[in-house]
Each structure stands twice: as C-alpha cells, then as structure tokens.
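Next up, structure_1.txt (compact mmCIF, C-alpha atoms):
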```
# COMPACT_ATOMS: atom_id res chain seq x y z
CA MET A 1 -24.38 -19.79 -81.40
CA SER A 2 -23.47 -16.61 -83.28
CA THR A 3 -21.55 -16.95 -86.56
CA ARG A 4 -20.70 -13.24 -86.86
CA PRO A 5 -16.97 -13.68 -85.98
CA SER A 6 -16.53 -15.91 -89.03
CA SER A 7 -17.47 -12.96 -91.28
CA SER A 8 -14.26 -11.22 -90.27
CA ALA A 9 -12.14 -14.16 -91.40
CA PRO A 10 -11.64 -12.88 -94.97
CA ALA A 11 -10.42 -9.53 -93.63
CA GLU A 12 -8.03 -11.31 -91.26
CA GLN A 13 -6.78 -13.48 -94.14
CA GLU A 14 -6.25 -10.40 -96.29
CA GLY A 15 -4.25 -8.81 -93.50
CA ALA A 16 -2.17 -11.96 -93.11
CA GLN A 17 -1.55 -12.02 -96.87
CA ALA A 18 -0.65 -8.34 -96.97
CA SER A 19 1.86 -8.66 -94.14
CA PRO A 20 4.50 -10.69 -96.08
CA ALA A 21 4.23 -8.27 -99.01
CA PHE A 22 4.73 -5.30 -96.69
CA THR A 23 7.63 -7.04 -94.96
CA GLY A 24 9.20 -7.75 -98.33
CA LEU A 25 8.87 -4.10 -99.34
CA VAL A 26 10.48 -2.93 -96.09
CA THR A 27 13.32 -5.42 -96.55
CA ARG A 28 13.85 -4.24 -100.11
CA VAL A 29 13.93 -0.57 -99.11
CA ILE A 30 16.31 -1.11 -96.18
CA SER A 31 18.75 -3.28 -98.13
CA GLY A 32 18.64 -0.83 -101.04
CA LEU A 33 19.41 2.10 -98.76
CA VAL A 34 22.32 0.24 -97.16
CA TYR A 35 23.76 -0.58 -100.60
CA VAL A 36 23.40 2.98 -101.88
CA GLY A 37 24.71 4.42 -98.60
CA LEU A 38 27.87 2.30 -98.74
CA PHE A 39 28.31 3.12 -102.42
CA ILE A 40 27.99 6.89 -101.94
CA GLY A 41 30.02 6.82 -98.74
CA SER A 42 32.95 5.13 -100.48
CA ILE A 43 32.85 7.72 -103.27
CA LEU A 44 32.74 10.66 -100.86
CA PHE A 45 35.64 9.26 -98.84
CA GLY A 46 38.03 9.29 -101.81
CA SER A 47 39.44 7.53 -104.85
CA ILE A 48 41.05 4.66 -102.94
CA SER A 49 37.88 3.77 -101.02
CA THR A 50 35.94 3.99 -104.28
CA ALA A 51 38.36 1.59 -105.95
CA VAL A 52 38.15 -0.88 -103.06
CA PHE A 53 34.35 -0.79 -102.98
CA VAL A 54 34.04 -1.14 -106.75
CA ALA A 55 36.56 -4.00 -106.65
CA LEU A 56 34.37 -5.79 -104.10
CA ILE A 57 31.15 -5.40 -106.07
CA SER A 58 33.04 -6.40 -109.23
CA VAL A 59 34.30 -9.68 -107.80
CA LEU A 60 30.85 -10.46 -106.38
CA SER A 61 29.27 -9.74 -109.76
CA SER A 62 31.92 -11.84 -111.51
CA HIS A 63 31.27 -14.72 -109.12
CA GLU A 64 27.53 -14.57 -109.87
CA PHE A 65 28.24 -14.44 -113.62
CA PHE A 66 30.33 -17.60 -113.37
CA GLN A 67 27.63 -19.37 -111.36
CA MET A 68 25.16 -18.60 -114.15
CA VAL A 69 27.37 -19.78 -117.01
CA LYS A 70 28.10 -22.99 -115.12
CA ARG A 71 24.38 -23.72 -115.29
CA ASP A 72 24.81 -23.56 -119.07
CA GLY A 73 27.48 -26.26 -119.01
CA LYS A 74 30.52 -23.98 -119.15
CA VAL A 75 33.50 -24.63 -116.88
CA PRO A 76 35.25 -21.26 -116.41
CA ASN A 77 38.44 -20.72 -114.47
CA GLU A 78 36.81 -18.84 -111.62
CA LEU A 79 40.06 -18.10 -109.80
CA LEU A 80 41.63 -16.27 -112.76
CA GLY A 81 38.39 -14.49 -113.60
CA ASN A 82 37.54 -13.34 -110.10
CA VAL A 83 41.08 -12.14 -109.34
CA ALA A 84 41.07 -10.09 -112.54
CA ALA A 85 37.62 -8.70 -111.76
CA PHE A 86 38.88 -7.49 -108.40
CA LEU A 87 42.10 -6.01 -109.81
CA PHE A 88 40.59 -4.03 -112.69
CA PRO A 89 39.12 -1.25 -110.46
CA ILE A 90 42.35 -1.14 -108.44
CA ALA A 91 44.38 -0.77 -111.66
CA ALA A 92 42.12 2.14 -112.67
CA LEU A 93 43.76 4.22 -109.92
CA GLY A 94 46.98 4.39 -111.91
CA GLU A 95 47.91 5.13 -115.48
CA SER A 96 45.74 3.75 -118.28
CA MET A 97 48.69 1.46 -119.10
CA TYR A 98 47.89 -0.55 -115.97
CA LEU A 99 44.44 -1.46 -117.28
CA SER A 100 45.94 -2.46 -120.64
CA ALA A 101 48.62 -4.51 -118.89
CA LEU A 102 45.99 -6.29 -116.80
CA ILE A 103 43.96 -7.18 -119.89
CA PHE A 104 47.15 -8.57 -121.46
CA LEU A 105 47.98 -10.62 -118.36
CA LEU A 106 44.42 -11.94 -118.13
CA ILE A 107 44.39 -13.11 -121.75
CA LEU A 108 47.88 -14.60 -121.38
CA ALA A 109 46.97 -16.47 -118.19
CA VAL A 110 43.72 -17.81 -119.64
CA GLY A 111 45.55 -18.78 -122.85
CA LEU A 112 48.17 -20.75 -120.91
CA TRP A 113 45.42 -22.40 -118.87
CA TYR A 114 43.82 -23.47 -122.14
CA VAL A 115 47.13 -24.83 -123.49
CA TYR A 116 47.91 -26.89 -120.39
CA SER A 117 44.35 -28.06 -119.66
CA PRO A 118 43.40 -30.53 -122.43
CA ARG A 119 39.81 -30.91 -121.25
CA THR A 120 39.15 -27.15 -121.39
CA ARG A 121 36.95 -26.03 -124.29
CA ILE A 122 37.04 -22.74 -126.14
CA ALA A 123 33.62 -21.94 -124.62
CA ASP A 124 35.19 -22.21 -121.17
CA VAL A 125 37.92 -19.79 -122.23
CA ALA A 126 35.35 -17.33 -123.59
CA ALA A 127 33.32 -17.50 -120.38
CA THR A 128 36.44 -16.97 -118.25
CA LEU A 129 37.40 -13.85 -120.20
CA MET A 130 33.85 -12.51 -120.34
CA GLY A 131 33.36 -12.58 -116.56
CA PRO A 132 36.01 -10.05 -115.45
CA LEU A 133 35.78 -7.90 -118.59
CA TYR A 134 31.99 -7.63 -118.26
CA THR A 135 32.18 -6.77 -114.55
CA GLY A 136 35.53 -5.46 -113.26
CA PHE A 137 36.80 -3.78 -116.42
CA MET A 138 33.51 -2.06 -117.22
CA LEU A 139 32.85 -0.99 -113.62
CA SER A 140 36.38 0.43 -113.33
CA ALA A 141 34.96 3.46 -115.17
CA ILE A 142 33.48 4.51 -111.81
CA VAL A 143 37.01 4.71 -110.39
CA LEU A 144 38.24 6.60 -113.46
CA LEU A 145 35.46 9.15 -112.97
CA ARG A 146 36.24 9.59 -109.27
CA ASP A 147 39.97 9.91 -109.91
CA ALA A 148 39.63 12.38 -112.80
CA VAL A 149 38.36 15.34 -110.75
CA PRO A 150 39.85 15.98 -107.29
CA GLY A 151 37.88 16.82 -104.17
CA PHE A 152 34.16 17.26 -103.71
CA PRO A 153 33.40 18.07 -107.40
CA GLY A 154 34.83 14.67 -108.38
CA ALA A 155 32.77 12.90 -105.76
CA LEU A 156 29.62 14.78 -106.82
CA LEU A 157 30.20 13.95 -110.49
CA THR A 158 30.69 10.25 -109.76
CA VAL A 159 27.65 10.08 -107.50
CA GLY A 160 25.68 12.04 -110.10
CA VAL A 161 26.54 9.60 -112.89
CA CYS A 162 25.51 6.63 -110.75
CA ALA A 163 22.41 8.49 -109.50
CA SER A 164 21.35 9.25 -113.06
CA LEU A 165 21.16 5.49 -113.65
CA TRP A 166 19.43 4.74 -110.35
CA VAL A 167 16.87 7.51 -110.91
CA SER A 168 16.44 6.37 -114.50
CA ASP A 169 15.61 2.86 -113.30
CA SER A 170 13.12 4.22 -110.76
CA PHE A 171 11.41 6.53 -113.25
CA ALA A 172 11.22 3.74 -115.83
CA TYR A 173 9.58 1.46 -113.27
CA LEU A 174 7.07 4.06 -112.06
CA VAL A 175 6.11 5.33 -115.52
CA GLY A 176 5.95 1.79 -116.88
CA ARG A 177 3.59 0.71 -114.11
CA ALA A 178 1.42 3.79 -114.49
CA ILE A 179 1.01 4.07 -118.25
CA GLY A 180 3.16 1.36 -119.82
CA ARG A 181 1.37 -0.36 -122.70
CA HIS A 182 3.92 -1.13 -125.41
CA LYS A 183 6.39 -3.88 -124.57
CA MET A 184 10.02 -3.14 -125.31
CA ALA A 185 11.52 -6.65 -125.28
CA PRO A 186 8.73 -9.05 -124.23
CA ARG A 187 10.76 -12.24 -124.64
CA ILE A 188 13.71 -11.00 -122.60
CA SER A 189 12.26 -8.52 -120.10
CA PRO A 190 8.45 -8.62 -120.25
CA ASN A 191 7.96 -5.79 -117.74
CA LYS A 192 9.89 -3.22 -119.75
CA THR A 193 7.81 -0.81 -121.83
CA TRP A 194 8.64 1.99 -124.26
CA GLU A 195 6.72 4.40 -122.04
CA GLY A 196 8.93 3.41 -119.11
CA PHE A 197 11.98 3.78 -121.34
CA VAL A 198 11.06 7.42 -122.06
CA GLY A 199 10.38 8.00 -118.37
CA GLY A 200 13.82 6.60 -117.53
CA ILE A 201 15.49 8.99 -119.95
CA ALA A 202 13.65 11.88 -118.32
CA GLY A 203 14.88 10.81 -114.89
CA SER A 204 18.48 10.65 -116.10
CA ILE A 205 18.23 14.08 -117.74
CA ILE A 206 17.07 15.62 -114.46
CA ILE A 207 20.24 14.47 -112.66
CA TRP A 208 22.49 15.67 -115.48
CA LEU A 209 20.81 19.08 -115.47
CA ILE A 210 21.54 19.28 -111.74
CA LEU A 211 25.20 18.53 -112.46
CA PHE A 212 25.16 21.28 -115.10
CA ALA A 213 23.55 23.72 -112.67
CA THR A 214 26.33 23.28 -110.09
CA GLY A 215 28.77 25.06 -112.41
CA PHE A 216 31.59 22.73 -111.30
CA TYR A 217 32.15 21.21 -114.73
CA ARG A 218 32.70 22.36 -118.29
CA LEU A 219 29.20 21.29 -119.25
CA ASN A 220 26.79 23.25 -121.39
CA ILE A 221 23.10 22.50 -121.23
CA PHE A 222 22.97 20.68 -124.56
CA PHE A 223 25.93 18.48 -123.67
CA ALA A 224 24.29 17.68 -120.33
CA LEU A 225 21.06 16.73 -122.12
CA GLY A 226 22.99 14.49 -124.50
CA CYS A 227 24.79 12.82 -121.61
CA GLY A 228 21.52 12.19 -119.81
CA ILE A 229 19.98 10.56 -122.88
CA ALA A 230 23.03 8.47 -123.81
CA VAL A 231 23.68 7.22 -120.28
CA ALA A 232 20.04 6.23 -119.78
CA ILE A 233 19.90 4.36 -123.10
CA LEU A 234 23.11 2.42 -122.41
CA GLY A 235 21.87 1.69 -118.89
CA VAL A 236 18.79 0.04 -120.40
CA PHE A 237 21.01 -1.94 -122.77
CA GLY A 238 22.99 -3.15 -119.77
CA ASP A 239 19.79 -4.23 -118.06
CA LEU A 240 18.61 -6.09 -121.16
CA ILE A 241 21.95 -7.84 -121.63
CA GLU A 242 21.87 -9.17 -118.08
CA SER A 243 18.23 -10.17 -118.49
CA ARG A 244 19.21 -12.13 -121.60
CA LEU A 245 21.96 -13.87 -119.64
CA LYS A 246 19.55 -14.86 -116.88
CA ARG A 247 16.85 -16.01 -119.28
CA GLY A 248 19.42 -18.02 -121.21
CA VAL A 249 20.29 -20.08 -118.13
CA GLY A 250 16.80 -20.11 -116.62
CA VAL A 251 17.22 -18.02 -113.47
CA LYS A 252 15.18 -15.07 -112.20
CA ASP A 253 18.02 -13.35 -110.31
CA SER A 254 21.79 -13.57 -110.59
CA GLY A 255 21.96 -14.38 -106.86
CA ASN A 256 20.37 -13.67 -103.49
CA LEU A 257 23.05 -11.54 -101.84
CA ILE A 258 20.90 -8.41 -101.40
CA PRO A 259 17.51 -9.15 -99.78
CA GLY A 260 14.64 -8.05 -101.99
CA HIS A 261 16.94 -7.17 -104.90
CA GLY A 262 18.61 -10.41 -105.92
CA GLY A 263 22.31 -10.55 -106.62
CA MET A 264 25.01 -7.93 -106.92
CA LEU A 265 25.00 -8.27 -110.70
CA ASP A 266 21.28 -7.43 -110.66
CA ARG A 267 22.12 -4.17 -108.89
CA CYS A 268 25.02 -3.32 -111.21
CA ASP A 269 23.61 -4.26 -114.61
CA SER A 270 22.79 -0.69 -115.69
CA LEU A 271 25.95 0.74 -114.09
CA ILE A 272 28.12 -1.64 -116.12
CA PHE A 273 27.31 0.07 -119.41
CA GLY A 274 26.01 3.43 -118.19
CA CYS A 275 29.08 4.53 -116.21
CA ILE A 276 31.62 3.70 -118.89
CA THR A 277 29.41 5.52 -121.42
CA ALA A 278 29.47 8.63 -119.20
CA GLU A 279 33.23 8.41 -118.70
CA LEU A 280 33.93 8.05 -122.43
CA ILE A 281 31.61 10.91 -123.39
CA LEU A 282 33.07 13.22 -120.76
CA VAL A 283 36.64 12.46 -121.87
CA ILE A 284 35.86 12.80 -125.59
CA GLY A 285 33.90 16.00 -124.90
CA GLY A 286 36.82 17.54 -123.01
CA VAL A 287 35.01 17.71 -119.68
CA LEU A 288 37.52 15.38 -117.98
```

Could you spell out this file's structure in structure tokens?
Amino acid sequence: MSTRPSSSAPAEQEGAQASPAFTGLVTRVISGLVYVGLFIGSILFGSISTAVFVALISVLSSHEFFQMVKRDGKVPNELLGNVAAFLFPIAALGESMYLSALIFLLILAVGLWYVYSPRTRIADVAATLMGPLYTGFMLSAIVLLRDAVPGFPGALLTVGVCASLWVSDSFAYLVGRAIGRHKMAPRISPNKTWEGFVGGIAGSIIIWLILFATGFYRLNIFFALGCGIAVAILGVFGDLIESRLKRGVGVKDSGNLIPGHGGMLDRCDSLIFGCITAELILVIGGVL
C-alpha cells in the first residue's frame, strides 16, 4: 500500500493552522473598517451626530474601565460614572460652562454618595470619578473640534486629528515590526519600541501636513509639524496609560466588544489624550 498521501499531511496541517489566523485577520480588518466608517460618518454628518457617537463610545469605554477596576477590588458607582461619561460629549455642544457645570455635578453627586454610603471607601470614590473624566470628558474634545469650525472644513479637521492618531498607531506597528529593537516600556507594553515610536510620529506628521496643504486653516508648516509631533507623543502616552491599567488588573484587553480589536477603550486609548492635546494646541495657537 502506498504511503505517499501521508507526506502531504504536514502541508494540510499547515493550511488548517493558517486558516484561523487568516480568518482572524479578516475579522479584524472588517470590524476596524466598520468602526472607522461609523466614526467618520458621524463626523461628516454634523456636530450633533458627532456628539451622540462620541457619547456612545465614551459610555462603553467608561463601562469597560469600571469592569477593570472592579477586578482590583474597587466598588465604583457605575450608574453615576456612566451617565456622566455619556453626558460630557453632549455638554461639549454648548458653552464651556456646561462642561464645568457637569464636572461640578459629578463631584457633588459622588460626594453625596460617599456621605450616605458608609461602606464606600475613598478608593471607590476615586475610581468613580476617574471613569467618566478619563473617558467622556477627555473624548469630548472631539466634539469641541467638530463644533469649532462649521461645515466641511470642521469635519475634515476633526477627521484629520483622529486620522493622525490612527495612522500614527499603524506606522508605529509597522516600523516596530520591521526594525524595532529597543524596547520603550518592556514591563508595561513589551511590543512598543523606540523605532516604532519615531515611525508613529512620522505618520502623524504626514496627516498634519495634509491638513496644512488644504489651506482651510490658519496653520503654518512649522505649527503643523509641531502639532503632528505633540499629538503623536500624547497618543502614545494614552496607549501606555491604558496598558498600565490593564496590566495592573491582569487583563489583555479592556473588553471584547470589537472582534479582533478588544474593547472600545482599547480603540480609544490614543484618542483620549491625543484629541484633547490637538484641541488645546489649536485653541492656544489661535487656529480655533
């Protein structure tokens, strides 16, 4: 009896092993495109749709944050935190006073909860406040950007700021895989390298130079370069901060909402610090 068919078994096994990896890649790409498509679509549609979308991703991110801190023994008031996380981007549609008022009401509500809940610890209070401030308040900068410039230029600027962080992440990953040798923060994020960090900055700069080239904004080339560098750096800080949170509670991802990507907080970690950095720089620099 011939044994030649058995020689093809390794090749068949390799194909079987490669199939799940390929399927996972396809799932990751499709879910990523859906997320980005909804994000960009909401921005293009207007300020109100942007606020609603950002409010949704904020409350999902806040929920995932609370699930992580509960693993660390904290008992946050999820209702207060998640409601505030949702309302922060909505409040960003109005005067800046509304954001300040919401911060006041959040601290007051959490303080009263602490007073009338004898078993609540100060760590629970801190976790409750951290959740919505870290997610909804910080992400409300996306709404402020969209609302600051009317029409298509405002939409393009907002998409550009977010894209500079997405492209930065992609460039950092590709450069890090290709030539990354020197670890950036091995105990917190072992895959991050200084080479990838530089590549990420380059990716962000490209998007900011495109924004400069449109001529829609009061940007000069040096200011655009500075924005690209600053936004990329703060985006990396945001990534590292979330990685530290996850490592501290022993989880790989903040959740499993987005197939192939993890949780919503995993998708927003760089936006949390990068977008508010862009908004502050553009306001201080007189562009907005």

Atom CA of A:Gly235 to atom CA of A:Asp169, straight-line distance in Å: 8.5 Å

Selected residue of minimal separation from A:Pro153 among A:Arg218, A:Arg187, A:Lys192, A:Arg177, counting all atoms listed in the file: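 With all atoms listed in the file as the atom set, the closest residue is A:Arg218.
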
Computed interatomic separation between atom CA of A:Leu87 and atom CA of A:Val167 (Å):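 According to the coordinates, atom CA of A:Leu87 and atom CA of A:Val167 are separated by 28.6 Å.
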
Contacts of A:Ala278 at 9 Å (all atoms listed in the file; same-chain gap of 6+ positions) as a ChimeraX atom specification: /A:141,145,161,227-228,230-231

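Atom pair atom CA of A:Val83 / atom CA of A:Lys252: separated by 26.2 Å.
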
Among the residues A:Ile43, A:Ala148, A:Val59, A:Ala202, the one that comes closest to A:Val283 [using all atoms listed in the file]: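 Distance minimum relative to A:Val283 lands on A:Ala148.
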
Residues within 9 Å of (29.9, -8.5, -110.9), counting only C-alpha atoms, listed as a ChimeraX atom specification: /A:56-65,85,131-132,134-136,139,263-266,268-269,272

Best match for closeness to A:Gly238 among A:Ile276, A:Met97, A:Leu102, A:Leu129, counting only C-alpha atoms: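 Closest to A:Gly238 of all the choices is A:Ile276.
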
A:Asn220, A:Thr214, A:Ser168, A:Thr128 ranked by distance to A:Gly199, top pick (using all atoms listed in the file):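 Of the candidates, the smallest distance to A:Gly199 is held by A:Ser168.
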
Surrounding residues of A:Leu209 excluding itself and chain neighbours under 3 positions, 9 Å, all atoms listed in the file, as a list in words: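 Once the adjacent positions are removed, what remains is Ser204, Ile205, Ile206, Phe212, Ala213, Thr214, Ile221, Ala224, Leu225 and Gly228 of chain A.
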
Option closest in space to A:Ile233, from A:Ile201, A:Leu38, A:Val287, A:Ala163 [counting only C-alpha atoms]: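 That would be A:Ile201, the residue with the smallest distance to A:Ile233.
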
Shortest interatomic distance to A:Tyr35 - which of A:Ile258, A:Phe88, A:Phe237, A:Phe152, counting only C-alpha atoms: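 Using only C-alpha atoms, the shortest distance to A:Tyr35 belongs to A:Ile258.
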
Select from stretch 9-91 of chain A every residue with an atom at most 7 Å from any atom of stretch 103-127 of chain A, then for each give the shortest pair of atoms and their distance in Å to one decimal, using only C-alpha atoms, rows by chain and rising number, as a tab-separated table.
```
residue	atom	partner	partner_atom	distance
A:Lys74	CA	A:Asp124	CA	5.4
A:Val75	CA	A:Asp124	CA	5.2
A:Pro76	CA	A:Asp124	CA	4.9
A:Ala84	CA	A:Leu106	CA	6.8
```

Residue neighbourhood A:Arg181, 12 Å, all atoms listed in the file, exclusion window fewer than 5 positions, as an MDAnalysis selection string: chainID A and resid 175:176 186 190:197
